[in-house]
Amino acid sequence: MRRPSARRAEGRFLAEGFQAVEAALATGRLTELFVGESAAARHGGLVAEVTAAGLPVRRVTDQAAAALSETVTPQGLVGVATLSGVRLTDLGVPGGQGVARGVVRAGAAADGAGRHGRPTLVAVCVAANDPGNAGTVIRTADAAGADVVVFAGEGVDPFGGKCVRASAGSLFHLPVIVEPDLGAALDWLRAVGCQVVATSGHGARDLYDAADSGELDGPTGWLFGNEAHGLSTDVLAAADAVLRVPVYGQAESLNLAVATALCLYASARARRMARSGTHGTGGGGRR
């Protein structure tokens, strides 16, 4: 299960560490747990919960637990979790099948989306190639209240070990979907009523100006490029808008996860302000 092809074939992946195991258990996606001797002593409560849930607990030596790990300092807890099997067409599209247990945040609509029964805030990582950044994007999207994270194009597998750990359990809190066909992802965004907004350091328009003018009040799907090359000209041309995160200092650019956080929180804030009728009362702007 360290290989993407094996994970897809098995329909399972490894969830290493306390946060990932706890989230997998809470969402009903944990199928078994491997726990080293030292970890069993440290995390007896979690091990007891897994046992009480009727799931197999494999007690192994610390050395064996370390062999299962992909980290330099393993925690000694490695769970096996199920892939959700959710597709984009299951989310927010008339006739969709809804989402499987354990991929919708508490209080969300049954079809896995925002207030109106469809996604209202979506993060799309296009050809992301850094698993640590990818996991942080998932964690950030979860914190910002996004409904879905999509990994489009050829890039990192979000169910690989480093990405799972970096997500700190958030991978189990909302749908995380791999869609190799970016065109299909764009079609889906428009089918569920999202405007498509691309990010680029060379965009002529400012993120905060767009938020203050009300352009982020509606359902929005954000496109984020990879760390090395950003988004291609073809992808930028396919978007409804291209925005840049302003850089006030001398840094050349922002880390992908940081840019994602700023954009998603700008959207979340704009929507809250629009609902409360306080739009434009302090939205950021330029210095």
# chains A, B, ... in the order shown; residues from 1 in each chain; ligands from 1
>>> select_by_dssp(residues="range 150-240 of chain A", states="strand (DSSP E)", output="PyMOL selection string")
chain A and resi 150-152+176-179+195-199+205-206+220-224
>>> closest_atom_pairs(of="range 203-240 of chain A", to="range 119-122 of chain A", cutoff="7 Å", atoms="only C-alpha atoms", output="CSV")
residue,atom,partner,partner_atom,distance
A:Pro219,CA,A:Thr120,CA,4.0
A:Thr220,CA,A:Leu121,CA,5.2
A:Gly221,CA,A:Val122,CA,4.6
A:Trp222,CA,A:Val122,CA,6.1
>>> residues_around(residues="Cys263 in chain A", least_positions_apart="2", cutoff="8 Å", atoms="only C-alpha atoms", output="list in words")
Leu207, Trp222, Val245, Ala259, Thr260, Ala261, Tyr265, Ala266 and Ser267 of chain A
>>> write_last_selection(atoms="N, CA and C atoms", output="PDB file, in the first residue's frame")
ATOM      1  N   LEU A 207      -6.453  39.648  -5.202  1.00  0.00           N
ATOM      2  CA  LEU A 207      -7.381  38.817  -4.443  1.00  0.00           C
ATOM      3  C   LEU A 207      -8.291  39.652  -3.545  1.00  0.00           C
ATOM      4  N   TRP A 222     -11.430  27.148  -6.666  1.00  0.00           N
ATOM      5  CA  TRP A 222     -10.104  27.749  -6.824  1.00  0.00           C
ATOM      6  C   TRP A 222      -9.158  26.763  -7.496  1.00  0.00           C
ATOM      7  N   VAL A 245      -2.359  36.842  -5.359  1.00  0.00           N
ATOM      8  CA  VAL A 245      -2.228  37.222  -3.961  1.00  0.00           C
ATOM      9  C   VAL A 245      -1.167  38.317  -3.916  1.00  0.00           C
ATOM     10  N   ALA A 259      -0.528  30.241  -0.088  1.00  0.00           N
ATOM     11  CA  ALA A 259      -1.412  30.887  -1.054  1.00  0.00           C
ATOM     12  C   ALA A 259      -2.812  30.286  -0.991  1.00  0.00           C
ATOM     13  N   THR A 260      -2.876  28.970  -0.833  1.00  0.00           N
ATOM     14  CA  THR A 260      -4.173  28.307  -0.714  1.00  0.00           C
ATOM     15  C   THR A 260      -4.931  28.821   0.497  1.00  0.00           C
ATOM     16  N   ALA A 261      -4.251  28.937   1.620  1.00  0.00           N
ATOM     17  CA  ALA A 261      -4.888  29.421   2.845  1.00  0.00           C
ATOM     18  C   ALA A 261      -5.454  30.818   2.649  1.00  0.00           C
ATOM     19  N   TYR A 265      -9.558  31.348   2.678  1.00  0.00           N
ATOM     20  CA  TYR A 265     -10.093  32.167   3.768  1.00  0.00           C
ATOM     21  C   TYR A 265     -10.705  33.462   3.250  1.00  0.00           C
ATOM     22  N   ALA A 266     -10.162  34.027   2.177  1.00  0.00           N
ATOM     23  CA  ALA A 266     -10.776  35.215   1.575  1.00  0.00           C
ATOM     24  C   ALA A 266     -12.179  34.884   1.077  1.00  0.00           C
ATOM     25  N   SER A 267     -12.322  33.717   0.456  1.00  0.00           N
ATOM     26  CA  SER A 267     -13.644  33.287  -0.008  1.00  0.00           C
ATOM     27  C   SER A 267     -14.590  33.046   1.158  1.00  0.00           C
TER      28      SER A 267
END
>>> residues_around(residues="range 152-160 of chain A", least_positions_apart="2", cutoff="8 Å", atoms="only C-alpha atoms", output="ChimeraX atom specification")
/A:2-4,13-14,124-131,134-135,150,162-164,176,178-182,185
>>> write_last_selection(atoms="C-alpha atoms", output="compact mmCIF listing (two decimals), in the first residue's frame")
# COMPACT_ATOMS: atom_id res chain seq x y z
CA ARG A 2 2.97 2.32 -0.37
CA ARG A 3 2.36 2.36 -4.13
CA PRO A 4 -0.55 4.30 -5.68
CA PHE A 13 -4.29 3.03 2.24
CA LEU A 14 -2.09 3.44 5.31
CA VAL A 124 -8.43 22.17 -7.00
CA CYS A 125 -4.71 21.35 -6.98
CA VAL A 126 -3.51 21.06 -10.58
CA ALA A 127 -0.54 18.70 -10.99
CA ALA A 128 0.61 19.23 -7.40
CA ASN A 129 3.93 17.47 -6.91
CA ASP A 130 4.91 18.01 -3.26
CA PRO A 131 3.12 15.58 -0.91
CA ALA A 134 -0.62 18.68 -0.72
CA GLY A 135 -1.43 17.39 2.75
CA VAL A 150 -9.67 17.85 -5.93
CA LYS A 162 3.62 11.93 3.62
CA CYS A 163 0.45 13.60 2.36
CA VAL A 164 -1.75 11.68 4.81
CA VAL A 176 -10.58 14.33 -1.31
CA VAL A 178 -8.31 12.37 -7.59
CA GLU A 179 -9.45 13.40 -11.09
CA PRO A 180 -6.72 12.98 -13.72
CA ASP A 181 -8.82 14.85 -16.32
CA LEU A 182 -8.67 18.55 -15.48
CA ALA A 185 -13.01 18.79 -13.04
>>> residues_around(residues="range 44-49 of chain A", least_positions_apart="3", cutoff="12 Å", atoms="only C-alpha atoms", output="short mmCIF file (atom, residue, chain, number, x, y, z; two decimals) with N, CA, C and O atoms, in the first residue's frame")
data_model
loop_
_atom_site.label_atom_id
_atom_site.label_comp_id
_atom_site.auth_asym_id
_atom_site.auth_seq_id
_atom_site.Cartn_x
_atom_site.Cartn_y
_atom_site.Cartn_z
N GLY A 17 0.00 7.48 12.40
CA GLY A 17 -0.01 8.50 13.43
C GLY A 17 -1.34 8.61 14.15
O GLY A 17 -2.39 8.18 13.65
N PHE A 18 -1.29 9.21 15.33
CA PHE A 18 -2.47 9.29 16.19
C PHE A 18 -3.63 10.02 15.51
O PHE A 18 -4.76 9.54 15.52
N GLN A 19 -3.37 11.21 14.94
CA GLN A 19 -4.45 12.00 14.36
C GLN A 19 -5.14 11.28 13.22
O GLN A 19 -6.37 11.28 13.11
N ALA A 20 -4.35 10.66 12.34
CA ALA A 20 -4.93 9.97 11.20
C ALA A 20 -5.75 8.77 11.64
O ALA A 20 -6.86 8.54 11.14
N VAL A 21 -5.21 7.99 12.58
CA VAL A 21 -5.93 6.81 13.06
C VAL A 21 -7.22 7.23 13.76
O VAL A 21 -8.29 6.64 13.55
N GLU A 22 -7.14 8.24 14.60
CA GLU A 22 -8.32 8.70 15.33
C GLU A 22 -9.40 9.18 14.36
O GLU A 22 -10.59 8.86 14.52
N ALA A 23 -9.01 9.94 13.32
CA ALA A 23 -9.99 10.44 12.35
C ALA A 23 -10.58 9.30 11.53
O ALA A 23 -11.77 9.29 11.22
N ALA A 24 -9.73 8.34 11.14
CA ALA A 24 -10.23 7.20 10.37
C ALA A 24 -11.24 6.40 11.18
O ALA A 24 -12.28 5.95 10.66
N LEU A 25 -10.97 6.23 12.47
CA LEU A 25 -11.90 5.51 13.34
C LEU A 25 -13.21 6.27 13.48
O LEU A 25 -14.30 5.70 13.37
N ALA A 26 -13.13 7.58 13.70
CA ALA A 26 -14.32 8.40 13.92
C ALA A 26 -15.23 8.43 12.70
O ALA A 26 -16.45 8.57 12.83
N LEU A 30 -11.62 3.16 9.29
CA LEU A 30 -10.52 2.33 9.77
C LEU A 30 -10.94 0.86 9.70
O LEU A 30 -12.04 0.50 10.09
N GLU A 32 -8.30 -1.81 10.33
CA GLU A 32 -7.46 -2.52 11.29
C GLU A 32 -6.34 -1.60 11.73
O GLU A 32 -6.06 -0.58 11.09
N LEU A 33 -5.71 -1.96 12.83
CA LEU A 33 -4.66 -1.13 13.39
C LEU A 33 -3.45 -1.97 13.75
O LEU A 33 -3.57 -3.02 14.38
N PHE A 34 -2.27 -1.50 13.34
CA PHE A 34 -1.00 -2.08 13.78
C PHE A 34 -0.41 -1.14 14.81
O PHE A 34 -0.29 0.07 14.56
N VAL A 35 -0.04 -1.67 15.97
CA VAL A 35 0.47 -0.82 17.03
C VAL A 35 1.70 -1.46 17.67
O VAL A 35 1.72 -2.64 18.01
N GLY A 36 2.75 -0.66 17.78
CA GLY A 36 3.98 -1.14 18.40
C GLY A 36 3.85 -1.16 19.92
O GLY A 36 2.94 -0.56 20.50
N GLU A 37 4.77 -1.82 20.55
CA GLU A 37 4.71 -1.99 22.01
C GLU A 37 4.71 -0.65 22.75
O GLU A 37 3.89 -0.41 23.65
N SER A 38 5.61 0.24 22.38
CA SER A 38 5.70 1.54 23.05
C SER A 38 4.46 2.38 22.77
O SER A 38 3.93 3.06 23.66
N ALA A 39 3.99 2.35 21.54
CA ALA A 39 2.80 3.13 21.18
C ALA A 39 1.57 2.62 21.91
O ALA A 39 0.69 3.40 22.29
N ALA A 40 1.49 1.32 22.13
CA ALA A 40 0.34 0.75 22.85
C ALA A 40 0.28 1.30 24.26
O ALA A 40 -0.81 1.55 24.81
N ALA A 41 1.44 1.52 24.87
CA ALA A 41 1.47 2.08 26.22
C ALA A 41 1.10 3.55 26.22
O ALA A 41 0.41 4.04 27.13
N ALA A 52 -12.88 -1.76 21.03
CA ALA A 52 -14.32 -1.70 21.34
C ALA A 52 -15.17 -1.61 20.08
O ALA A 52 -16.32 -2.06 20.07
N ALA A 53 -14.60 -1.06 19.02
CA ALA A 53 -15.32 -0.96 17.75
C ALA A 53 -15.35 -2.29 17.00
O ALA A 53 -15.96 -2.40 15.94
N GLY A 54 -14.67 -3.31 17.54
CA GLY A 54 -14.66 -4.62 16.93
C GLY A 54 -13.68 -4.76 15.78
O GLY A 54 -13.79 -5.69 14.97
N LEU A 55 -12.70 -3.87 15.73
CA LEU A 55 -11.72 -3.90 14.65
C LEU A 55 -10.46 -4.63 15.10
O LEU A 55 -10.09 -4.57 16.28
N PRO A 56 -9.78 -5.30 14.18
CA PRO A 56 -8.56 -6.03 14.56
C PRO A 56 -7.45 -5.07 15.00
O PRO A 56 -7.21 -4.05 14.36
N VAL A 57 -6.81 -5.39 16.10
CA VAL A 57 -5.64 -4.64 16.57
C VAL A 57 -4.46 -5.59 16.54
O VAL A 57 -4.43 -6.60 17.25
N ARG A 58 -3.49 -5.31 15.69
CA ARG A 58 -2.31 -6.16 15.54
C ARG A 58 -1.17 -5.59 16.38
O ARG A 58 -0.60 -4.55 16.05
N ARG A 59 -0.88 -6.21 17.48
CA ARG A 59 0.20 -5.75 18.35
C ARG A 59 1.52 -6.32 17.83
O ARG A 59 1.68 -7.54 17.72
N GLY A 76 4.55 4.63 15.77
CA GLY A 76 4.20 3.28 16.17
C GLY A 76 2.73 2.93 16.00
O GLY A 76 2.30 1.86 16.43
N LEU A 77 1.95 3.82 15.39
CA LEU A 77 0.54 3.57 15.10
C LEU A 77 0.33 3.64 13.60
O LEU A 77 0.56 4.69 12.99
N VAL A 78 -0.09 2.55 12.99
CA VAL A 78 -0.36 2.54 11.56
C VAL A 78 -1.70 1.86 11.33
O VAL A 78 -1.87 0.67 11.60
N GLY A 79 -2.65 2.63 10.87
CA GLY A 79 -3.97 2.08 10.57
C GLY A 79 -4.10 1.77 9.10
O GLY A 79 -3.37 2.30 8.26
#
>>> select_by_dssp(residues="range 54-225 of chain A", states="alpha helix (DSSP H)", output="VMD selection string")
chain A and resid 62 to 68 131 to 144 161 to 166 182 to 191 207 to 212
>>> closest_residue(among="A:Ile177, A:Ala211, A:Ala123, A:Leu243", to="Phe224 in chain A", atoms="only C-alpha atoms")
A:Ala123
